[in-house]
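What's in run_2.txt: compact mmCIF, C-alpha atoms
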# COMPACT_ATOMS: atom_id res chain seq x y z
CA MET A 1 50.63 -31.94 -27.40
CA ALA A 2 52.25 -33.61 -30.38
CA ARG A 3 52.29 -37.19 -31.62
CA CYS A 4 55.52 -38.19 -33.39
CA ARG A 5 56.53 -41.18 -35.47
CA ARG A 6 59.97 -41.64 -33.95
CA GLY A 7 62.36 -40.12 -31.44
CA SER A 8 62.77 -36.45 -30.68
CA LEU A 9 61.61 -33.51 -32.76
CA HIS A 10 63.92 -32.00 -35.35
CA GLY A 11 64.77 -28.32 -35.31
CA TRP A 12 63.43 -25.61 -37.60
CA LYS A 13 63.84 -26.63 -41.23
CA GLY A 14 61.33 -24.34 -42.89
CA CYS A 15 57.70 -25.05 -43.80
CA THR A 16 55.50 -24.43 -46.79
CA GLY A 17 51.96 -23.09 -46.73
CA PHE A 18 52.25 -20.69 -43.82
CA ARG A 19 54.62 -18.11 -42.42
CA GLY A 20 56.66 -20.10 -39.94
CA GLU A 21 58.45 -17.00 -38.69
CA LEU A 22 55.19 -15.90 -37.08
CA LEU A 23 55.09 -18.99 -34.85
CA PRO A 24 56.87 -19.38 -31.50
CA TRP A 25 60.09 -21.36 -31.99
CA ARG A 26 58.83 -24.37 -30.04
CA LEU A 27 55.67 -24.63 -32.13
CA ARG A 28 57.74 -24.25 -35.28
CA ARG A 29 59.79 -27.26 -34.17
CA ILE A 30 56.66 -29.32 -33.61
CA CYS A 31 54.69 -28.35 -36.72
CA CYS A 32 57.60 -28.39 -39.12
CA SER A 33 59.17 -31.66 -38.08
CA SER A 34 58.75 -34.44 -40.61
CA GLN A 35 58.20 -36.77 -37.63
CA THR A 36 55.14 -35.03 -36.22
CA GLU A 37 51.83 -36.67 -37.15
CA GLN A 38 49.37 -35.16 -34.69
CA LEU A 39 49.10 -31.89 -32.80
CA TRP A 40 46.38 -31.65 -30.12
CA VAL A 41 45.05 -28.27 -28.99
CA LEU A 42 42.93 -28.39 -25.85
CA ASP A 43 40.28 -25.67 -25.58
CA SER A 44 42.52 -22.92 -26.94
CA VAL A 45 41.09 -20.48 -29.46
CA PRO A 46 43.22 -20.01 -32.59
CA GLY A 47 43.04 -16.23 -32.72
CA GLU A 48 44.17 -13.49 -30.38
CA VAL A 49 42.35 -13.65 -27.04
CA GLN A 50 40.69 -10.50 -25.77
CA ILE A 51 40.54 -10.20 -21.99
CA ASP A 52 36.86 -9.26 -22.07
CA ASN A 53 36.07 -12.50 -23.92
CA SER A 54 36.98 -14.68 -20.94
CA ASP A 55 35.92 -14.98 -17.34
CA GLY A 56 39.57 -14.47 -16.39
CA GLU A 57 39.86 -17.71 -14.41
CA VAL A 58 43.27 -18.60 -15.85
CA GLU A 59 44.54 -15.13 -15.04
CA ARG A 60 43.16 -15.39 -11.51
CA VAL A 61 44.84 -18.76 -11.00
CA LEU A 62 48.21 -17.44 -12.18
CA GLN A 63 47.88 -14.27 -10.10
CA THR A 64 46.93 -16.28 -7.03
CA LEU A 65 49.88 -18.66 -7.42
CA ALA A 66 52.24 -15.73 -7.96
CA SER A 67 51.05 -14.17 -4.69
CA LEU A 68 52.04 -17.25 -2.69
CA PRO A 69 55.52 -17.77 -1.21
CA SER A 70 57.84 -20.10 -3.14
CA SER A 71 57.93 -22.53 -0.19
CA LEU A 72 54.51 -23.73 1.00
CA PRO A 73 53.40 -25.68 4.11
CA SER A 74 51.79 -28.65 2.36
CA ARG A 75 49.73 -29.78 -0.61
CA LYS A 76 46.61 -29.83 1.59
CA TRP A 77 47.25 -26.23 2.62
CA VAL A 78 47.43 -25.14 -1.02
CA VAL A 79 44.25 -27.01 -1.97
CA ASP A 80 42.33 -25.63 1.02
CA HIS A 81 43.62 -22.13 0.29
CA MET A 82 42.50 -22.25 -3.36
CA VAL A 83 39.06 -23.56 -2.37
CA SER A 84 38.71 -20.77 0.21
CA LEU A 85 39.33 -18.25 -2.60
CA GLY A 86 36.42 -19.64 -4.59
CA PHE A 87 38.14 -22.06 -6.96
CA SER A 88 36.51 -25.46 -7.47
CA LYS A 89 37.72 -28.46 -5.48
CA SER A 90 38.64 -30.39 -8.64
CA LEU A 91 40.69 -27.49 -10.00
CA SER A 92 42.34 -26.93 -6.61
CA ASP A 93 43.23 -30.63 -6.39
CA TRP A 94 44.83 -30.47 -9.83
CA ILE A 95 46.83 -27.37 -8.85
CA GLY A 96 47.98 -29.22 -5.75
CA SER A 97 49.19 -32.11 -7.90
CA ASN A 98 51.79 -29.76 -9.40
CA LEU A 99 53.74 -29.53 -6.14
CA LYS A 100 56.89 -31.39 -5.19
CA LYS A 101 58.50 -32.10 -1.84
CA ASP A 102 61.18 -29.66 -0.68
CA ASN A 103 62.51 -30.83 2.70
CA GLU A 104 59.72 -30.11 5.17
CA HIS A 105 57.72 -28.03 2.73
CA VAL A 106 56.46 -28.20 -0.87
CA THR A 107 57.23 -26.03 -3.88
CA TRP A 108 56.02 -25.80 -7.46
CA ALA A 109 57.20 -28.51 -9.86
CA PHE A 110 57.10 -26.03 -12.76
CA ASP A 111 58.42 -22.56 -13.55
CA LEU A 112 55.54 -20.25 -12.64
CA GLN A 113 56.96 -17.26 -14.49
CA ALA A 114 57.47 -19.36 -17.61
CA ALA A 115 53.84 -20.54 -17.39
CA THR A 116 52.68 -16.92 -17.17
CA ASP A 117 54.86 -15.91 -20.12
CA MET A 118 53.51 -18.82 -22.19
CA PHE A 119 49.92 -17.85 -21.40
CA ASN A 120 50.54 -14.22 -22.38
CA SER A 121 52.19 -15.38 -25.62
CA TYR A 122 49.19 -17.59 -26.37
CA ARG A 123 46.79 -14.67 -25.89
CA ASP A 124 48.76 -12.38 -28.20
CA ARG A 125 49.16 -14.71 -31.18
CA SER A 126 46.93 -15.92 -33.98
CA TYR A 127 47.29 -19.36 -35.55
CA TRP A 128 44.63 -19.11 -38.23
CA GLY A 129 47.30 -19.06 -40.92
CA LEU A 130 48.61 -22.41 -39.71
CA LEU A 131 45.12 -23.92 -39.58
CA GLU A 132 44.30 -22.69 -43.09
CA ASN A 133 47.46 -24.34 -44.43
CA PRO A 134 48.68 -27.12 -42.11
CA PRO A 135 51.93 -28.81 -43.20
CA LYS A 136 51.58 -31.95 -45.26
CA GLY A 137 51.23 -35.09 -43.13
CA LEU A 138 50.16 -33.20 -39.97
CA GLU A 139 46.73 -33.51 -38.38
CA ILE A 140 45.82 -30.68 -36.01
CA SER A 141 43.06 -31.83 -33.65
CA ILE A 142 41.27 -29.14 -31.67
CA VAL A 143 39.19 -30.01 -28.62
CA GLN A 144 36.48 -27.49 -27.79
CA ALA A 145 35.08 -27.76 -24.27
CA GLU A 146 31.29 -27.68 -24.46
CA LEU A 147 30.90 -25.33 -21.47
CA SER A 148 33.92 -23.14 -22.19
CA ASP A 149 33.25 -19.42 -22.49
CA ARG A 150 36.23 -18.78 -24.77
CA TRP A 151 34.64 -19.57 -28.11
CA HIS A 152 32.90 -17.14 -30.45
CA PRO A 153 30.33 -18.68 -32.82
CA GLU A 154 32.24 -17.26 -35.78
CA ASP A 155 35.43 -19.04 -34.71
CA VAL A 156 33.59 -22.34 -34.22
CA GLN A 157 31.97 -22.05 -37.66
CA ARG A 158 35.35 -21.33 -39.21
CA LEU A 159 36.89 -24.40 -37.55
CA GLU A 160 33.94 -26.57 -38.56
CA ALA A 161 34.46 -25.50 -42.18
CA LEU A 162 38.16 -26.37 -41.99
CA SER A 163 37.30 -29.72 -40.41
CA ARG A 164 34.84 -30.56 -43.20
CA ARG A 165 37.52 -29.78 -45.77
CA GLY A 166 39.47 -32.85 -44.66
CA SER A 167 42.99 -33.63 -45.82
CA ARG A 168 44.52 -32.60 -49.14
CA PRO A 169 47.40 -34.19 -51.06
CA ASP A 170 49.62 -31.15 -50.54
CA ALA A 171 48.61 -30.18 -46.99
CA GLY A 172 47.63 -31.52 -43.59
CA LYS A 173 44.26 -31.80 -41.91
CA VAL A 174 42.30 -29.99 -39.21
CA SER A 175 39.67 -31.73 -37.06
CA LEU A 176 37.37 -30.32 -34.38
CA HIS A 177 36.08 -32.33 -31.40
CA VAL A 178 33.57 -31.13 -28.79
CA LEU A 179 34.14 -32.42 -25.24
CA PRO A 180 30.78 -32.58 -23.41
CA ASN A 181 30.22 -31.58 -19.79
CA SER A 182 33.51 -29.70 -19.56
CA GLY A 183 34.71 -26.19 -19.00
CA HIS A 184 38.18 -24.96 -19.97
CA TRP A 185 40.04 -27.32 -17.61
CA VAL A 186 39.30 -30.35 -19.80
CA HIS A 187 41.66 -32.74 -18.00
CA VAL A 188 39.93 -31.89 -14.71
CA ASP A 189 36.28 -31.58 -15.75
CA ASN A 190 35.96 -34.63 -18.01
CA PRO A 191 39.18 -36.66 -18.25
CA LYS A 192 37.31 -39.83 -19.31
CA GLY A 193 35.61 -38.03 -22.17
CA LEU A 194 38.90 -36.47 -23.23
CA LEU A 195 40.55 -39.88 -23.33
CA GLU A 196 37.67 -41.26 -25.40
CA ILE A 197 38.27 -38.53 -27.98
CA MET A 198 42.04 -38.82 -28.12
CA ALA A 199 42.72 -42.56 -27.74
CA PRO A 200 41.23 -43.73 -31.07
CA ASN A 201 43.34 -41.19 -32.93
CA PHE A 202 46.53 -42.37 -31.27
CA LEU A 203 45.63 -45.99 -31.94
CA SER A 204 44.92 -45.31 -35.61
CA THR A 205 48.30 -43.62 -35.96
CA VAL A 206 50.09 -46.61 -34.45
CA GLN A 207 48.20 -49.06 -36.65
CA ASN A 208 49.02 -47.07 -39.76
Turn this file's structure into structure tokens for me.
Amino acid sequence: MARCRRGSLHGWKGCTGFRGELLPWRLRRICCSSQTEQLWVLDSVPGEVQIDNSDGEVERVLQTLASLPSSLPSRKWVVDHMVSLGFSKSLSDWIGSNLKKDNEHVTWAFDLQAATDMFNSYRDRSYWGLLENPPKGLEISIVQAELSDRWHPEDVQRLEALSRRGSRPDAGKVSLHVLPNSGHWVHVDNPKGLLEIMAPNFLSTVQN
């Protein structure tokens, strides 16, 4: 999630301080645009993600959705089906909100295969180089869910050290925020708390 000063993002123009060629093209566009002021990362670890370091809930969600037909009876049917498989009601409701009407049935409002590809890409990449040397004028804000199982103490300590470093004249800034009473699905588990973290930062950007 990026916050920009004006209009749309520019294309790749090259960045200093980190190896831009190691970043996915879309993230390169965001981080290297002179218009981007803020980049928010919601409960996503910066390094490569090992499967045995997670409870696999995201994988189970994606696998479950992939096993369903492309045309589904109703939003209620999807929610009830997810709950019957052991997923929480709040998570199932959020999944159901990603459906759109298709004649007498419903279908996904997003590209499921693209979502799976993006998740696999996220697991396989490390962004520590970017966090060590963020582009000048960019603030990268990372939200760590308090109850998330994805975080190693060493990674948290490393982020805390980067956050304490603050901004430098020739580089951007990294900040770390802990969202209480939330697992990985931050927008589902504690949306009010998430808004309380993010809103002041957006307001300060507008005022500046």
**Request:** Mind giving me the straight-line distance from CA of Leu159 (chain A) to CA of Asn201 (chain A) in Å, one decimal?
**Result:**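 Taking CA of Leu159 (chain A) as the start and CA of Asn201 (chain A) as the end point, the length is 18.6 Å.
Ranking A:Ser167, A:Ser44, A:Gln38, A:Ser90 by their shortest atom-to-atom distance to Tyr122 (chain A), with all atoms listed in the file included, puts A:Ser44 first.
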**Prompt:** Near region 170-186 of chain A, within 8 Å and counting all atoms listed in the file, which residues show up once chain neighbours fewer than 5 positions away are dropped, as a ChimeraX atom specification?
**Reply:** /A:17,42-43,91,131,133-149,159-160,162-164,191,193-194,197
With C-alpha atoms retained, export the selected residues as an mmCIF file, keeping the file's coordinate frame.
data_model
loop_
_atom_site.group_PDB
_atom_site.id
_atom_site.type_symbol
_atom_site.label_atom_id
_atom_site.label_comp_id
_atom_site.auth_asym_id
_atom_site.auth_seq_id
_atom_site.Cartn_x
_atom_site.Cartn_y
_atom_site.Cartn_z
ATOM 1 C CA GLY A 17 51.960 -23.090 -46.730
ATOM 2 C CA LEU A 42 42.930 -28.390 -25.850
ATOM 3 C CA ASP A 43 40.280 -25.670 -25.580
ATOM 4 C CA LEU A 91 40.690 -27.490 -10.000
ATOM 5 C CA LEU A 131 45.120 -23.920 -39.580
ATOM 6 C CA ASN A 133 47.460 -24.340 -44.430
ATOM 7 C CA PRO A 134 48.680 -27.120 -42.110
ATOM 8 C CA PRO A 135 51.930 -28.810 -43.200
ATOM 9 C CA LYS A 136 51.580 -31.950 -45.260
ATOM 10 C CA GLY A 137 51.230 -35.090 -43.130
ATOM 11 C CA LEU A 138 50.160 -33.200 -39.970
ATOM 12 C CA GLU A 139 46.730 -33.510 -38.380
ATOM 13 C CA ILE A 140 45.820 -30.680 -36.010
ATOM 14 C CA SER A 141 43.060 -31.830 -33.650
ATOM 15 C CA ILE A 142 41.270 -29.140 -31.670
ATOM 16 C CA VAL A 143 39.190 -30.010 -28.620
ATOM 17 C CA GLN A 144 36.480 -27.490 -27.790
ATOM 18 C CA ALA A 145 35.080 -27.760 -24.270
ATOM 19 C CA GLU A 146 31.290 -27.680 -24.460
ATOM 20 C CA LEU A 147 30.900 -25.330 -21.470
ATOM 21 C CA SER A 148 33.920 -23.140 -22.190
ATOM 22 C CA ASP A 149 33.250 -19.420 -22.490
ATOM 23 C CA LEU A 159 36.890 -24.400 -37.550
ATOM 24 C CA GLU A 160 33.940 -26.570 -38.560
ATOM 25 C CA LEU A 162 38.160 -26.370 -41.990
ATOM 26 C CA SER A 163 37.300 -29.720 -40.410
ATOM 27 C CA ARG A 164 34.840 -30.560 -43.200
ATOM 28 C CA PRO A 191 39.180 -36.660 -18.250
ATOM 29 C CA GLY A 193 35.610 -38.030 -22.170
ATOM 30 C CA LEU A 194 38.900 -36.470 -23.230
ATOM 31 C CA ILE A 197 38.270 -38.530 -27.980
#
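Closest approach to Val45 (chain A) among A:Arg150, A:Leu195, A:Arg165, A:Asn190 is made by A:Arg150 (distances from only C-alpha atoms).
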For Asn98 (chain A), work out the shell of residues within 12 Å, counting only C-alpha atoms and skipping chain neighbours fewer than 3 positions away, then give it as a PDB file with C-alpha atoms, keeping the file's coordinate frame.
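What follows is the written file result_17.pdb:
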ATOM      1  CA  LEU A  65      49.880 -18.660  -7.420  1.00  0.00           C
ATOM      2  CA  SER A  74      51.790 -28.650   2.360  1.00  0.00           C
ATOM      3  CA  ARG A  75      49.730 -29.780  -0.610  1.00  0.00           C
ATOM      4  CA  VAL A  78      47.430 -25.140  -1.020  1.00  0.00           C
ATOM      5  CA  VAL A  79      44.250 -27.010  -1.970  1.00  0.00           C
ATOM      6  CA  LEU A  91      40.690 -27.490 -10.000  1.00  0.00           C
ATOM      7  CA  SER A  92      42.340 -26.930  -6.610  1.00  0.00           C
ATOM      8  CA  ASP A  93      43.230 -30.630  -6.390  1.00  0.00           C
ATOM      9  CA  TRP A  94      44.830 -30.470  -9.830  1.00  0.00           C
ATOM     10  CA  ILE A  95      46.830 -27.370  -8.850  1.00  0.00           C
ATOM     11  CA  LYS A 101      58.500 -32.100  -1.840  1.00  0.00           C
ATOM     12  CA  VAL A 106      56.460 -28.200  -0.870  1.00  0.00           C
ATOM     13  CA  THR A 107      57.230 -26.030  -3.880  1.00  0.00           C
ATOM     14  CA  TRP A 108      56.020 -25.800  -7.460  1.00  0.00           C
ATOM     15  CA  ALA A 109      57.200 -28.510  -9.860  1.00  0.00           C
ATOM     16  CA  PHE A 110      57.100 -26.030 -12.760  1.00  0.00           C
ATOM     17  CA  ASP A 111      58.420 -22.560 -13.550  1.00  0.00           C
ATOM     18  CA  LEU A 112      55.540 -20.250 -12.640  1.00  0.00           C
TER      19      LEU A 112
END
**Prompt:** What separation in Å, quoted to one decimal, exists between CA of Trp77 (chain A) and CA of Val188 (chain A)?
**Reply:** 19.6 Å
**Request:** For Thr116 (chain A), work out the shell of residues within 9 Å, counting all atoms listed in the file and skipping chain neighbours fewer than 6 positions away, then give it as a PyMOL selection string.
**Result:** chain A and resi 59+62-63
**Message:** I'd like the interatomic distance between CA of Phe202 (chain A) and CA of Val156 (chain A), to a tenth of an Å.
**Reply:** 24.0 Å
**Complete:** One residue among A:Arg123, A:Asp189, A:Gly129, A:Lys89 is nearest to Gly56 (chain A) when using all atoms listed in the file, and that residue is A:Arg123
